[in-house]
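Below is one structure, written out as structure tokens, with a few remarks after it.
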Amino acid sequence: MRDTRLVQTAVIGDEHSDVPVVLPTEAIEQDVFRRTHAHATFSCGLLLGGCGDAGRSRASIR
């Protein structure tokens with residue numbers, strides 16, 4: 001089953017980070033975001049109510 005959720009927030013760093021970012025959902029915006037944050041790691045931040053898993057960016061296909 002394909003995951004169609006649009007996760008829009010994450011944190012830069014590990015799951016305990018307090019540096020939030022809004023993740024782009026459109027492919028063209030995501031290309032710029034990936035280049036800008038090429039060496040950053042992302043997590044589903046616990047302080048944002050997330051699960052703590054490591055994040056991966058992906059563009060939605062509609």
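Ordering of the structure tokens sets the chain letters (A, B, ...), residue numbers begin anew at 1 in every chain, and ligands are numbered from 1 in the order given.
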
Residues near A:His39, cut-off 12 Å, only C-alpha atoms, skip fewer than 6 positions along chain, as a PyMOL selection string: chain A and resi 12-13+33

Do you have, as a Markdown table, the list of residues of stretch 7-31 of chain A lying at most 9 Å from stretch 46-54 of chain A, each with its nearest atom pair and that distance in Å to one decimal, counting only C-alpha atoms and ordered by chain then number?
| residue | atom | partner | partner_atom | distance |
| --- | --- | --- | --- | --- |
| A:Thr9 | CA | A:Leu48 | CA | 8.2 |
| A:Ala10 | CA | A:Leu48 | CA | 7.9 |
| A:Val11 | CA | A:Leu48 | CA | 8.4 |
| A:Asp14 | CA | A:Ala54 | CA | 7.6 |
| A:Glu15 | CA | A:Gly52 | CA | 4.7 |
| A:His16 | CA | A:Leu46 | CA | 6.0 |
| A:Ser17 | CA | A:Leu47 | CA | 7.6 |
| A:Asp18 | CA | A:Leu47 | CA | 6.8 |
| A:Pro20 | CA | A:Leu48 | CA | 8.2 |

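Interatomic distance, atom CA of A:Val22 against atom CA of A:Thr36: 13.2 Å.
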
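Interatomic distance, atom CA of A:Ile28 against atom CA of A:Ser43: 21.7 Å.
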